[in-house]
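Each remark here refers to the structure printed beneath this line.
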Amino acid sequence: MKKSNSDKKNEKMIVMKTTITKRLLFILVPMLAILGCSDDFLEQTNPNQISTETFWKDNGDLEQGLVASYKGFANSNTINLVGELARTDLAWSSGYQRPNNTNEYYLQVFNEASSVPNNKWSANYTAIFRANQVIEAAAVLAETYTTEKEIEDGLVILAQARFLRGYLYFNLYNSFNGGAVPIYDFVPIEENEFYQVVSPAEDVKKFYLEDLKFAAENLPISWEDKDKGRVTAGAAVAVLGQSYLYEGDYETASTNFKNVIDNFGYSLTPNIGSNFTTMDEFNEESILEVGYSLDFKNELGPWDGRDVANSAYVRQFTGGAGTWFGAVVANWLILEYRNEPLDFSDPRNKVIDEEGNEGFRKFSLRTSWSVALVDDTDMGYYLRDETGQASNFNVKMTAFWRKHTNWDITRSEEELSPGKVRSGVNERLIRLAEIYLQYAETQIKLGNVDEALTYINKVRRRSGVQLLGLAGTGEFPANDHDNVAYDAQSLMEHLMYKELPLELSAEGDGNRNIDLRRWGIKAERFKELAQKRYAADHYPLLDEDGKEVTRWASIVKELPAGDPDIDENWNEFQQAAVNYNSSIHEYWPLPNSEIISNPQLNN
């Protein structure tokens, strides 16, 4: 039978459908096989989103990561100087005026839930995480360099990141849990990698020493102006020296300190005040310094410490118009400042009064630049001619640290700072005077008393203070000496209780607590100071308008031992003497923020 045109058309349609079906199966079957084997088929990389895999392309990216690491290093909580001061013998610390006190660190009742150890722990590990990112990326990029400049620049960036990580672990080692803390030498990615166990203290020390030695070998000695503030080889050697000193290895510490003194171009500033204000920042004495600025940033709140670490400090240190007293000079230290003997042969100590009469300064240059005393008529304060004109100094608030505040450039902190808490004063973590005094300690321990005297007297002469030792001896025989024949014990006591606190009070990275701990005297020190009793005399003066005013109870004095016949007397550190327990309070405890979040911490 002959097929109709309709039948022929249907047959052709069937053949075409069969062919199309076969072709579709040929394409779809392999695709289904692929889809069945891969769960990532629909996961696409967003080309507009930066990731770890796409960011680290060259040294410019490493530099950006390094800036973030420096930013973490500059966080005020990395050191938390106010909290560190409060737990030592240097400060009376409370939010209220004397004699009331509720500060848990001053009272020695802090624990793992306290804010200072929690904040300090978080700040240090945050900065370590950032440094580790740079260190890992630098290792990868090193395989891609094609020029000598790329190699050299990459190495210097790596050395900076390793210094920062080494210093941060040096800080953690000397601050927490007897030195036993978790080590992160990598960037955690998987959840379980964020939970690391506590490493033995010896392992932590070995780890950070390797970082610092690498930094010492590969960092530059100095930086050009635009890069001042970056870490240097001298800073790495200085921290190495401090690490060995704290461990009692005086020979190795001495070698490192002498290296810093002789080979890196540092020198004492002519004026000690160059180290405490915004003038002469990053000067010839500076070894490790954190730069800050008063520039306001919209993204930061007024109490933010991430950008200007002094934001917490100036609120708690200031005396000009301050209302919150978080760190006030301890009475024994005030008296040491008040009684520091002058070198009368030094012309800087001569002053001429308004009537043309020649006399001498009432207080040493070191005292006047370090603390504000109500009767200091030779040094202005908050742009007033005399210190007592700028603050009431009332109710036993008999001195304030000048350090960290803007007393030399404004009439009040509130006028200067948009958030009323900020300061642009850089933090000098290590300066040459500290290295001189620490080198002197190593020499005392090694039996070289004359060498120790030489370096202590270098520091004293800079501030016009009477030198130590027999008259007519030493490097400066023409200057006034106290005419005392020092031995190792008496010179060490002077260093511990006078020279170090007078030169370095309210500075550094919490090393006063480290010193008291390693000398084994902290409990004894609190008990000794708790026995002292104080009173304060009134001080009359003329204010800026020539009006007679009185600063009530503003000049502290120590009362004779026994039962003083003065109603208004008080003491300090009596609670610390009772509460301090070396097994609990020598170090900060592991913070509860880590204990709660890290299930592997003590495994």
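By order in the structure tokens, chains are A, B, ...; within a chain, residues start at 1; ligands start at 1, following the order shown.
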Quick one: DSSP strand (DSSP E) residues in region 234-413 of chain A, as a PyMOL selection string?
chain A and resi 286-290+328-329+350-352+358-360+371-372+400-401
Report as a PyMOL selection string all protein, DNA and RNA residues lying within 12 Å of Asn331 (chain A), evaluated on only C-alpha atoms, omitting residues in the same chain fewer than 5 positions from it.
chain A and resi 89-93+98-99+336-338+396-400+529-530+532-536+554-559+570-573
Expressed in Å, the length from CA of Ser94 (chain A) to CA of Thr367 (chain A) is 23.2 Å
Quick one: DSSP helix (DSSP H, G or I) residues in region 107-180 of chain A, as a VMD selection string?
chain A and resid 115 to 144 148 to 175 177 to 179
Go ahead and write the residues just picked, C-alpha atoms, as a PDB file, in the first residue's frame.
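Below is the file out.pdb, written as the result:
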```pdb
ATOM      1  CA  SER A 115      38.990  42.617  82.562  1.00  0.00           C
ATOM      2  CA  VAL A 116      42.709  43.456  82.336  1.00  0.00           C
ATOM      3  CA  PRO A 117      43.997  39.903  81.762  1.00  0.00           C
ATOM      4  CA  ASN A 118      41.095  39.146  79.418  1.00  0.00           C
ATOM      5  CA  ASN A 119      41.672  42.274  77.346  1.00  0.00           C
ATOM      6  CA  LYS A 120      45.434  41.847  77.320  1.00  0.00           C
ATOM      7  CA  TRP A 121      45.183  38.226  76.209  1.00  0.00           C
ATOM      8  CA  SER A 122      42.777  39.095  73.399  1.00  0.00           C
ATOM      9  CA  ALA A 123      44.874  42.015  72.139  1.00  0.00           C
ATOM     10  CA  ASN A 124      48.090  40.008  72.025  1.00  0.00           C
ATOM     11  CA  TYR A 125      46.604  37.001  70.253  1.00  0.00           C
ATOM     12  CA  THR A 126      44.752  39.207  67.772  1.00  0.00           C
ATOM     13  CA  ALA A 127      48.037  40.853  66.801  1.00  0.00           C
ATOM     14  CA  ILE A 128      49.753  37.435  66.649  1.00  0.00           C
ATOM     15  CA  PHE A 129      47.067  36.182  64.260  1.00  0.00           C
ATOM     16  CA  ARG A 130      47.715  39.142  61.976  1.00  0.00           C
ATOM     17  CA  ALA A 131      51.489  38.678  62.096  1.00  0.00           C
ATOM     18  CA  ASN A 132      51.094  34.975  61.292  1.00  0.00           C
ATOM     19  CA  GLN A 133      49.148  35.828  58.156  1.00  0.00           C
ATOM     20  CA  VAL A 134      52.059  37.929  56.922  1.00  0.00           C
ATOM     21  CA  ILE A 135      54.608  35.282  57.889  1.00  0.00           C
ATOM     22  CA  GLU A 136      52.766  32.500  56.044  1.00  0.00           C
ATOM     23  CA  ALA A 137      52.127  34.620  52.963  1.00  0.00           C
ATOM     24  CA  ALA A 138      55.759  35.776  52.881  1.00  0.00           C
ATOM     25  CA  ALA A 139      56.934  32.151  52.765  1.00  0.00           C
ATOM     26  CA  VAL A 140      54.708  31.465  49.751  1.00  0.00           C
ATOM     27  CA  LEU A 141      55.593  34.657  47.901  1.00  0.00           C
ATOM     28  CA  ALA A 142      59.328  34.076  48.416  1.00  0.00           C
ATOM     29  CA  GLU A 143      59.114  31.347  45.750  1.00  0.00           C
ATOM     30  CA  THR A 144      57.806  33.855  43.201  1.00  0.00           C
ATOM     31  CA  GLU A 148      66.917  41.181  44.244  1.00  0.00           C
ATOM     32  CA  LYS A 149      64.736  44.070  45.404  1.00  0.00           C
ATOM     33  CA  GLU A 150      61.709  41.802  45.772  1.00  0.00           C
ATOM     34  CA  ILE A 151      63.785  39.354  47.785  1.00  0.00           C
ATOM     35  CA  GLU A 152      65.248  42.064  50.007  1.00  0.00           C
ATOM     36  CA  ASP A 153      61.923  43.844  50.606  1.00  0.00           C
ATOM     37  CA  GLY A 154      60.154  40.564  51.328  1.00  0.00           C
ATOM     38  CA  LEU A 155      62.804  39.581  53.864  1.00  0.00           C
ATOM     39  CA  VAL A 156      62.545  42.881  55.736  1.00  0.00           C
ATOM     40  CA  ILE A 157      58.742  42.599  55.858  1.00  0.00           C
ATOM     41  CA  LEU A 158      59.057  39.058  57.186  1.00  0.00           C
ATOM     42  CA  ALA A 159      61.583  40.177  59.811  1.00  0.00           C
ATOM     43  CA  GLN A 160      59.197  42.875  61.043  1.00  0.00           C
ATOM     44  CA  ALA A 161      56.328  40.403  61.302  1.00  0.00           C
ATOM     45  CA  ARG A 162      58.513  37.937  63.184  1.00  0.00           C
ATOM     46  CA  PHE A 163      59.716  40.657  65.559  1.00  0.00           C
ATOM     47  CA  LEU A 164      56.125  41.602  66.334  1.00  0.00           C
ATOM     48  CA  ARG A 165      55.139  37.976  66.921  1.00  0.00           C
ATOM     49  CA  GLY A 166      58.257  37.391  69.022  1.00  0.00           C
ATOM     50  CA  TYR A 167      57.669  40.489  71.133  1.00  0.00           C
ATOM     51  CA  LEU A 168      54.000  39.622  71.647  1.00  0.00           C
ATOM     52  CA  TYR A 169      54.950  36.137  72.867  1.00  0.00           C
ATOM     53  CA  PHE A 170      57.674  37.670  75.049  1.00  0.00           C
ATOM     54  CA  ASN A 171      54.869  39.773  76.510  1.00  0.00           C
ATOM     55  CA  LEU A 172      52.548  36.796  77.009  1.00  0.00           C
ATOM     56  CA  TYR A 173      55.344  34.652  78.442  1.00  0.00           C
ATOM     57  CA  ASN A 174      56.197  37.246  81.084  1.00  0.00           C
ATOM     58  CA  SER A 175      52.554  38.057  81.856  1.00  0.00           C
ATOM     59  CA  ASN A 177      50.359  31.537  83.763  1.00  0.00           C
ATOM     60  CA  GLY A 178      54.059  31.222  84.536  1.00  0.00           C
ATOM     61  CA  GLY A 179      54.855  31.569  80.838  1.00  0.00           C
TER      62      GLY A 179
END
```
Shell around Phe110 (chain A) at 8 Å using only C-alpha atoms, local window under 5 positions removed, as a list in words:
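The contact residues come out as Glu104, Tyr105 and His585 of chain A.
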Just write the chosen residues, N, CA, C and O atoms, as a short mmCIF file (atom, residue, chain, number, x, y, z; two decimals), in the first residue's frame.
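Produced file part08.cif, reproduced below:
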```cif
data_model
loop_
_atom_site.label_atom_id
_atom_site.label_comp_id
_atom_site.auth_asym_id
_atom_site.auth_seq_id
_atom_site.Cartn_x
_atom_site.Cartn_y
_atom_site.Cartn_z
N GLU A 104 40.62 46.28 91.99
CA GLU A 104 40.92 44.88 92.29
C GLU A 104 42.38 44.53 92.06
O GLU A 104 42.91 43.59 92.67
N TYR A 105 43.06 45.27 91.19
CA TYR A 105 44.47 44.98 90.92
C TYR A 105 45.35 45.56 92.03
O TYR A 105 46.28 44.90 92.50
N HIS A 585 49.09 35.58 92.24
CA HIS A 585 49.15 36.95 91.74
C HIS A 585 50.46 37.33 91.06
O HIS A 585 50.58 38.46 90.58
#
```
Of the listed residues A:Glu427, A:Gln575, A:Glu354, A:Phe363, that which approaches Asn101 (chain A) most closely, counting only C-alpha atoms:
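Looking only at the distances to Asn101 (chain A), the closest residue turns out to be A:Gln575.
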Have a look at A:Phe344, A:Phe393, A:Tyr145, A:Tyr436 and name the one nearest to Val328 (chain A); count only C-alpha atoms.
A:Phe393
Using only C-alpha atoms, the residue out of A:Glu84, A:Asp565, A:Glu358, A:Glu112 with shortest distance to Ser593 (chain A) is A:Glu112
Report as a list in words all protein, DNA and RNA residues lying within 9 Å of Tyr266 (chain A), evaluated on only C-alpha atoms, omitting residues in the same chain fewer than 5 positions from it.
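With the cut-off at 9 Å, the set is Gly234, Val260, Ile261, Asn283, Glu284, Glu285, Ser286, Ile287, Arg431 and Leu432 of chain A.
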What does the distance between CA of Gly273 (chain A) and CA of Trp369 (chain A) come to in Å, to one decimal place?
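The value is 5.5 Å.
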Which residue is closest to Ala506 (chain A)? Choose from A:Arg366, A:Arg402, A:Lys445, A:Arg518 and count only C-alpha atoms.
A:Arg402
